[in-house]
Amino acid sequence: MATVVMVIILCVVSTTVGTEARPAQQVQLRGLQVSPPRNTSLSASEYEALLASMGGDTTTQVTSLYRTSVHGTTYGDLLDNVGDAKPLVFVVRKDKYVFGVYVSAGIQLPDDPTDVNSYRSDVWYFSLVGHFPQPTKIEIPQVQLSVDVAGRNGSAVGANMYIDGHLWLGYGGYSDGPPAVPPAADIRSCSQNAYSHISPSEGYMGTVFDDVFHDESYCPQHALLAGEAGSFMADEIVVLH
């Protein structure tokens, strides 16, 4: 069974030498007669776009495992409902924007609940509403791509979960070393800060801001899928399988 989870992220350029972000790819809608699974906030058109980005059709089975407005907004609520299912698609809704991220390896907790588990996973992002004229799939470099997942009592770079491409869920503040910044109490507290070469010439209509501390020859702007710089509170997060 395919797993879907939506989360925020745009085309990200890896710091690894020799990798390039692939261009954004508009999703070709096929007029599928599909209905979203129960316990999602997706409209029929948004769900069709998500299926199309995954190469699915009317036979593709998708289950909603977790929805913040139904199951609760803590990290424990997320873990209890998602379990070890994979792959996952995280869907994030913020104001007029709907975007997300696919994580093939799911959520893999560390053995020690105070520790962090870092592991490889296929990851790609998508925009369903608000960033492009059409729903768009955005792939990111797969070299050294990883996911950091905190134990129930741990911190992953200042959050409950960090997905490469600069997306934090349960974001309490950035931290890459001791002492660790504790995650936020609410999983909807997010941060998305993707280095992106996506530009208006590619149809991107979303928000960007210049990073004066970053080498402009590498990437002059950040793409902000939630429409805000740095941290934000999502209206809703849904995890699909």
# chains A, B, ... in the order shown; residues from 1 in each chain; ligands from 1

call {"tool": "residues_around", "arguments": {"residues": "segment 113-121 of chain A", "least_positions_apart": "2", "cutoff": "7 Å", "atoms": "only C-alpha atoms", "output": "PyMOL selection string"}}
result
chain A and resi 103-105+109-111+123+145-156

call {"tool": "write_last_selection", "arguments": {"atoms": "all heavy atoms", "output": "CSV table (one decimal), in the first residue's frame"}}
result
chain,number,residue,atom,x,y,z
A,103,VAL,N,8.4,10.7,1.8
A,103,VAL,CA,9.5,10.1,2.5
A,103,VAL,C,9.4,8.6,2.4
A,103,VAL,O,8.5,8.0,3.1
A,103,VAL,CB,9.5,10.5,4.0
A,103,VAL,CG1,10.7,9.9,4.7
A,103,VAL,CG2,9.6,12.0,4.1
A,104,SER,N,10.2,7.9,1.6
A,104,SER,CA,10.1,6.5,1.3
A,104,SER,C,10.3,5.6,2.6
A,104,SER,O,9.7,4.6,2.7
A,104,SER,CB,11.0,6.1,0.2
A,104,SER,OG,12.4,6.2,0.7
A,105,ALA,N,11.2,6.1,3.5
A,105,ALA,CA,11.7,5.2,4.6
A,105,ALA,C,10.8,5.4,5.8
A,105,ALA,O,11.0,4.7,6.8
A,105,ALA,CB,13.1,5.5,4.9
A,109,LEU,N,12.3,5.4,14.6
A,109,LEU,CA,12.7,5.9,15.9
A,109,LEU,C,14.0,5.3,16.3
A,109,LEU,O,14.3,4.2,16.0
A,109,LEU,CB,11.6,5.6,16.9
A,109,LEU,CG,10.3,6.4,16.8
A,109,LEU,CD1,9.3,5.9,17.8
A,109,LEU,CD2,10.6,7.9,17.2
A,110,PRO,N,14.8,6.0,17.1
A,110,PRO,CA,16.0,5.5,17.7
A,110,PRO,C,15.7,4.5,18.8
A,110,PRO,O,14.6,4.6,19.4
A,110,PRO,CB,16.8,6.7,18.2
A,110,PRO,CG,15.7,7.7,18.5
A,110,PRO,CD,14.6,7.5,17.4
A,111,ASP,N,16.6,3.6,19.1
A,111,ASP,CA,16.3,2.7,20.2
A,111,ASP,C,16.2,3.4,21.6
A,111,ASP,O,15.4,3.1,22.4
A,111,ASP,CB,17.5,1.6,20.3
A,111,ASP,CG,17.5,0.7,19.1
A,111,ASP,OD1,16.4,0.5,18.5
A,111,ASP,OD2,18.5,0.2,18.7
A,123,VAL,N,13.5,11.2,-1.0
A,123,VAL,CA,12.6,12.4,-0.6
A,123,VAL,C,12.4,13.2,-1.8
A,123,VAL,O,13.3,13.5,-2.6
A,123,VAL,CB,13.3,13.2,0.5
A,123,VAL,CG1,12.5,14.5,0.7
A,123,VAL,CG2,13.5,12.4,1.8
A,145,LEU,N,21.1,12.2,1.0
A,145,LEU,CA,19.8,12.7,1.5
A,145,LEU,C,19.4,11.9,2.7
A,145,LEU,O,19.5,10.7,2.7
A,145,LEU,CB,18.7,12.5,0.4
A,145,LEU,CG,17.5,13.3,0.5
A,145,LEU,CD1,17.8,14.8,0.6
A,145,LEU,CD2,16.5,13.0,-0.6
A,146,SER,N,19.0,12.6,3.7
A,146,SER,CA,18.7,11.9,5.0
A,146,SER,C,17.5,12.5,5.7
A,146,SER,O,17.0,13.5,5.4
A,146,SER,CB,19.9,11.9,5.9
A,146,SER,OG,20.2,13.2,6.3
A,147,VAL,N,17.1,11.7,6.7
A,147,VAL,CA,16.0,12.1,7.6
A,147,VAL,C,16.5,11.9,9.0
A,147,VAL,O,17.1,10.9,9.4
A,147,VAL,CB,14.7,11.3,7.4
A,147,VAL,CG1,13.7,11.7,8.4
A,147,VAL,CG2,14.2,11.4,6.0
A,148,ASP,N,16.3,12.9,9.9
A,148,ASP,CA,16.7,12.8,11.3
A,148,ASP,C,15.4,12.8,12.1
A,148,ASP,O,14.5,13.7,12.1
A,148,ASP,CB,17.5,14.1,11.8
A,148,ASP,CG,18.8,14.1,11.1
A,148,ASP,OD1,19.3,13.1,10.5
A,148,ASP,OD2,19.5,15.2,11.1
A,149,VAL,N,15.2,11.7,12.9
A,149,VAL,CA,14.0,11.5,13.7
A,149,VAL,C,14.4,11.4,15.2
A,149,VAL,O,15.3,10.6,15.6
A,149,VAL,CB,13.3,10.3,13.3
A,149,VAL,CG1,12.2,9.9,14.3
A,149,VAL,CG2,12.7,10.5,11.9
A,150,ALA,N,13.9,12.2,16.0
A,150,ALA,CA,14.2,12.2,17.5
A,150,ALA,C,13.3,11.1,18.2
A,150,ALA,O,12.2,10.8,17.7
A,150,ALA,CB,13.8,13.6,18.1
A,151,GLY,N,13.9,10.6,19.2
A,151,GLY,CA,13.1,9.7,20.1
A,151,GLY,C,12.0,10.6,20.8
A,151,GLY,O,12.0,11.8,20.7
A,152,ARG,N,11.1,9.9,21.5
A,152,ARG,CA,10.0,10.6,22.1
A,152,ARG,C,10.5,11.7,23.1
A,152,ARG,O,9.7,12.7,23.3
A,152,ARG,CB,9.1,9.6,22.8
A,152,ARG,CG,8.3,8.8,21.8
A,152,ARG,CD,7.4,7.7,22.5
A,152,ARG,NE,6.7,6.9,21.6
A,152,ARG,CZ,5.4,7.1,21.2
A,152,ARG,NH1,4.7,8.1,21.6
A,152,ARG,NH2,4.9,6.3,20.3
A,153,ASN,N,11.7,11.5,23.6
A,153,ASN,CA,12.2,12.5,24.6
A,153,ASN,C,13.5,13.2,24.0
A,153,ASN,O,14.2,13.7,24.8
A,153,ASN,CB,12.5,11.8,25.9
A,153,ASN,CG,11.2,11.2,26.5
A,153,ASN,OD1,10.2,11.8,26.5
A,153,ASN,ND2,11.4,10.0,27.0
A,154,GLY,N,13.7,13.1,22.7
A,154,GLY,CA,14.9,13.6,22.2
A,154,GLY,C,14.7,14.9,21.3
A,154,GLY,O,13.6,15.4,21.3
A,155,SER,N,15.7,15.3,20.6
A,155,SER,CA,15.6,16.5,19.8
A,155,SER,C,16.5,16.3,18.5
A,155,SER,O,17.6,15.9,18.6
A,155,SER,CB,16.2,17.8,20.5
A,155,SER,OG,16.2,18.9,19.7
A,156,ALA,N,15.8,16.5,17.4
A,156,ALA,CA,16.5,16.3,16.1
A,156,ALA,C,16.8,17.7,15.5
A,156,ALA,O,15.9,18.3,14.9
A,156,ALA,CB,15.7,15.4,15.1

call {"tool": "select_by_dssp", "arguments": {"residues": "segment 31-182 of chain A", "states": "strand (DSSP E)", "output": "PyMOL selection string"}}
result
chain A and resi 64-67+88-94+97-103+116-120+123-129+136-139+146-150+161-163+167-169

call {"tool": "decode", "arguments": {"residues": "segment 108-119 of chain A", "atoms": "all heavy atoms", "output": "PDB file, in the first residue's frame"}}
result
ATOM      1  N   GLN A 108      11.538   6.278  11.480  1.00  0.00           N
ATOM      2  CA  GLN A 108      12.291   5.229  12.156  1.00  0.00           C
ATOM      3  C   GLN A 108      12.869   5.792  13.457  1.00  0.00           C
ATOM      4  O   GLN A 108      13.839   6.547  13.452  1.00  0.00           O
ATOM      5  CB  GLN A 108      13.416   4.711  11.254  1.00  0.00           C
ATOM      6  CG  GLN A 108      12.925   4.136   9.929  1.00  0.00           C
ATOM      7  CD  GLN A 108      14.056   3.642   9.048  1.00  0.00           C
ATOM      8  OE1 GLN A 108      15.157   3.334   9.520  1.00  0.00           O
ATOM      9  NE2 GLN A 108      13.796   3.571   7.741  1.00  0.00           N
ATOM     10  N   LEU A 109      12.274   5.423  14.564  1.00  0.00           N
ATOM     11  CA  LEU A 109      12.698   5.938  15.863  1.00  0.00           C
ATOM     12  C   LEU A 109      14.021   5.316  16.305  1.00  0.00           C
ATOM     13  O   LEU A 109      14.320   4.157  15.973  1.00  0.00           O
ATOM     14  CB  LEU A 109      11.635   5.636  16.920  1.00  0.00           C
ATOM     15  CG  LEU A 109      10.343   6.448  16.848  1.00  0.00           C
ATOM     16  CD1 LEU A 109       9.310   5.857  17.799  1.00  0.00           C
ATOM     17  CD2 LEU A 109      10.614   7.902  17.196  1.00  0.00           C
ATOM     18  N   PRO A 110      14.823   6.049  17.073  1.00  0.00           N
ATOM     19  CA  PRO A 110      16.039   5.462  17.652  1.00  0.00           C
ATOM     20  C   PRO A 110      15.668   4.507  18.788  1.00  0.00           C
ATOM     21  O   PRO A 110      14.568   4.580  19.351  1.00  0.00           O
ATOM     22  CB  PRO A 110      16.797   6.688  18.178  1.00  0.00           C
ATOM     23  CG  PRO A 110      15.713   7.666  18.505  1.00  0.00           C
ATOM     24  CD  PRO A 110      14.650   7.466  17.447  1.00  0.00           C
ATOM     25  N   ASP A 111      16.574   3.606  19.123  1.00  0.00           N
ATOM     26  CA  ASP A 111      16.336   2.685  20.232  1.00  0.00           C
ATOM     27  C   ASP A 111      16.235   3.427  21.567  1.00  0.00           C
ATOM     28  O   ASP A 111      15.423   3.073  22.423  1.00  0.00           O
ATOM     29  CB  ASP A 111      17.459   1.638  20.305  1.00  0.00           C
ATOM     30  CG  ASP A 111      17.464   0.712  19.100  1.00  0.00           C
ATOM     31  OD1 ASP A 111      16.378   0.507  18.506  1.00  0.00           O
ATOM     32  OD2 ASP A 111      18.539   0.209  18.742  1.00  0.00           O
ATOM     33  N   ASP A 112      17.056   4.454  21.721  1.00  0.00           N
ATOM     34  CA  ASP A 112      17.056   5.274  22.934  1.00  0.00           C
ATOM     35  C   ASP A 112      16.080   6.436  22.739  1.00  0.00           C
ATOM     36  O   ASP A 112      16.245   7.231  21.813  1.00  0.00           O
ATOM     37  CB  ASP A 112      18.471   5.805  23.190  1.00  0.00           C
ATOM     38  CG  ASP A 112      18.594   6.609  24.475  1.00  0.00           C
ATOM     39  OD1 ASP A 112      17.550   7.037  25.020  1.00  0.00           O
ATOM     40  OD2 ASP A 112      19.732   6.838  24.924  1.00  0.00           O
ATOM     41  N   PRO A 113      15.048   6.552  23.574  1.00  0.00           N
ATOM     42  CA  PRO A 113      14.063   7.620  23.383  1.00  0.00           C
ATOM     43  C   PRO A 113      14.614   9.029  23.538  1.00  0.00           C
ATOM     44  O   PRO A 113      13.942  10.001  23.172  1.00  0.00           O
ATOM     45  CB  PRO A 113      13.006   7.320  24.458  1.00  0.00           C
ATOM     46  CG  PRO A 113      13.713   6.499  25.473  1.00  0.00           C
ATOM     47  CD  PRO A 113      14.716   5.685  24.713  1.00  0.00           C
ATOM     48  N   THR A 114      15.841   9.161  24.055  1.00  0.00           N
ATOM     49  CA  THR A 114      16.462  10.481  24.185  1.00  0.00           C
ATOM     50  C   THR A 114      17.428  10.764  23.043  1.00  0.00           C
ATOM     51  O   THR A 114      18.023  11.839  22.993  1.00  0.00           O
ATOM     52  CB  THR A 114      17.225  10.605  25.516  1.00  0.00           C
ATOM     53  OG1 THR A 114      18.334   9.695  25.524  1.00  0.00           O
ATOM     54  CG2 THR A 114      16.309  10.292  26.695  1.00  0.00           C
ATOM     55  N   ASP A 115      17.575   9.815  22.129  1.00  0.00           N
ATOM     56  CA  ASP A 115      18.560   9.923  21.057  1.00  0.00           C
ATOM     57  C   ASP A 115      17.903  10.375  19.748  1.00  0.00           C
ATOM     58  O   ASP A 115      16.720  10.698  19.696  1.00  0.00           O
ATOM     59  CB  ASP A 115      19.249   8.570  20.867  1.00  0.00           C
ATOM     60  CG  ASP A 115      20.641   8.703  20.276  1.00  0.00           C
ATOM     61  OD1 ASP A 115      20.994   9.806  19.825  1.00  0.00           O
ATOM     62  OD2 ASP A 115      21.360   7.685  20.251  1.00  0.00           O
ATOM     63  N   VAL A 116      18.696  10.384  18.676  1.00  0.00           N
ATOM     64  CA  VAL A 116      18.243  10.755  17.336  1.00  0.00           C
ATOM     65  C   VAL A 116      18.686   9.672  16.365  1.00  0.00           C
ATOM     66  O   VAL A 116      19.812   9.156  16.459  1.00  0.00           O
ATOM     67  CB  VAL A 116      18.833  12.113  16.892  1.00  0.00           C
ATOM     68  CG1 VAL A 116      18.380  12.448  15.476  1.00  0.00           C
ATOM     69  CG2 VAL A 116      18.435  13.216  17.847  1.00  0.00           C
ATOM     70  N   ASN A 117      17.836   9.307  15.430  1.00  0.00           N
ATOM     71  CA  ASN A 117      18.185   8.348  14.381  1.00  0.00           C
ATOM     72  C   ASN A 117      18.259   9.072  13.052  1.00  0.00           C
ATOM     73  O   ASN A 117      17.305   9.729  12.630  1.00  0.00           O
ATOM     74  CB  ASN A 117      17.134   7.237  14.312  1.00  0.00           C
ATOM     75  CG  ASN A 117      17.541   6.133  13.350  1.00  0.00           C
ATOM     76  OD1 ASN A 117      18.729   5.926  13.103  1.00  0.00           O
ATOM     77  ND2 ASN A 117      16.568   5.413  12.814  1.00  0.00           N
ATOM     78  N   SER A 118      19.397   8.954  12.389  1.00  0.00           N
ATOM     79  CA  SER A 118      19.597   9.548  11.066  1.00  0.00           C
ATOM     80  C   SER A 118      19.716   8.421  10.053  1.00  0.00           C
ATOM     81  O   SER A 118      20.496   7.489  10.244  1.00  0.00           O
ATOM     82  CB  SER A 118      20.870  10.400  11.036  1.00  0.00           C
ATOM     83  OG  SER A 118      20.785  11.476  11.952  1.00  0.00           O
ATOM     84  N   TYR A 119      18.954   8.503   8.963  1.00  0.00           N
ATOM     85  CA  TYR A 119      18.955   7.422   7.982  1.00  0.00           C
ATOM     86  C   TYR A 119      18.641   7.968   6.598  1.00  0.00           C
ATOM     87  O   TYR A 119      18.068   9.037   6.435  1.00  0.00           O
ATOM     88  CB  TYR A 119      17.936   6.343   8.375  1.00  0.00           C
ATOM     89  CG  TYR A 119      16.541   6.859   8.668  1.00  0.00           C
ATOM     90  CD1 TYR A 119      15.561   6.904   7.673  1.00  0.00           C
ATOM     91  CD2 TYR A 119      16.196   7.284   9.948  1.00  0.00           C
ATOM     92  CE1 TYR A 119      14.280   7.370   7.946  1.00  0.00           C
ATOM     93  CE2 TYR A 119      14.922   7.755  10.228  1.00  0.00           C
ATOM     94  CZ  TYR A 119      13.972   7.794   9.228  1.00  0.00           C
ATOM     95  OH  TYR A 119      12.713   8.267   9.501  1.00  0.00           O
TER      96      TYR A 119
END
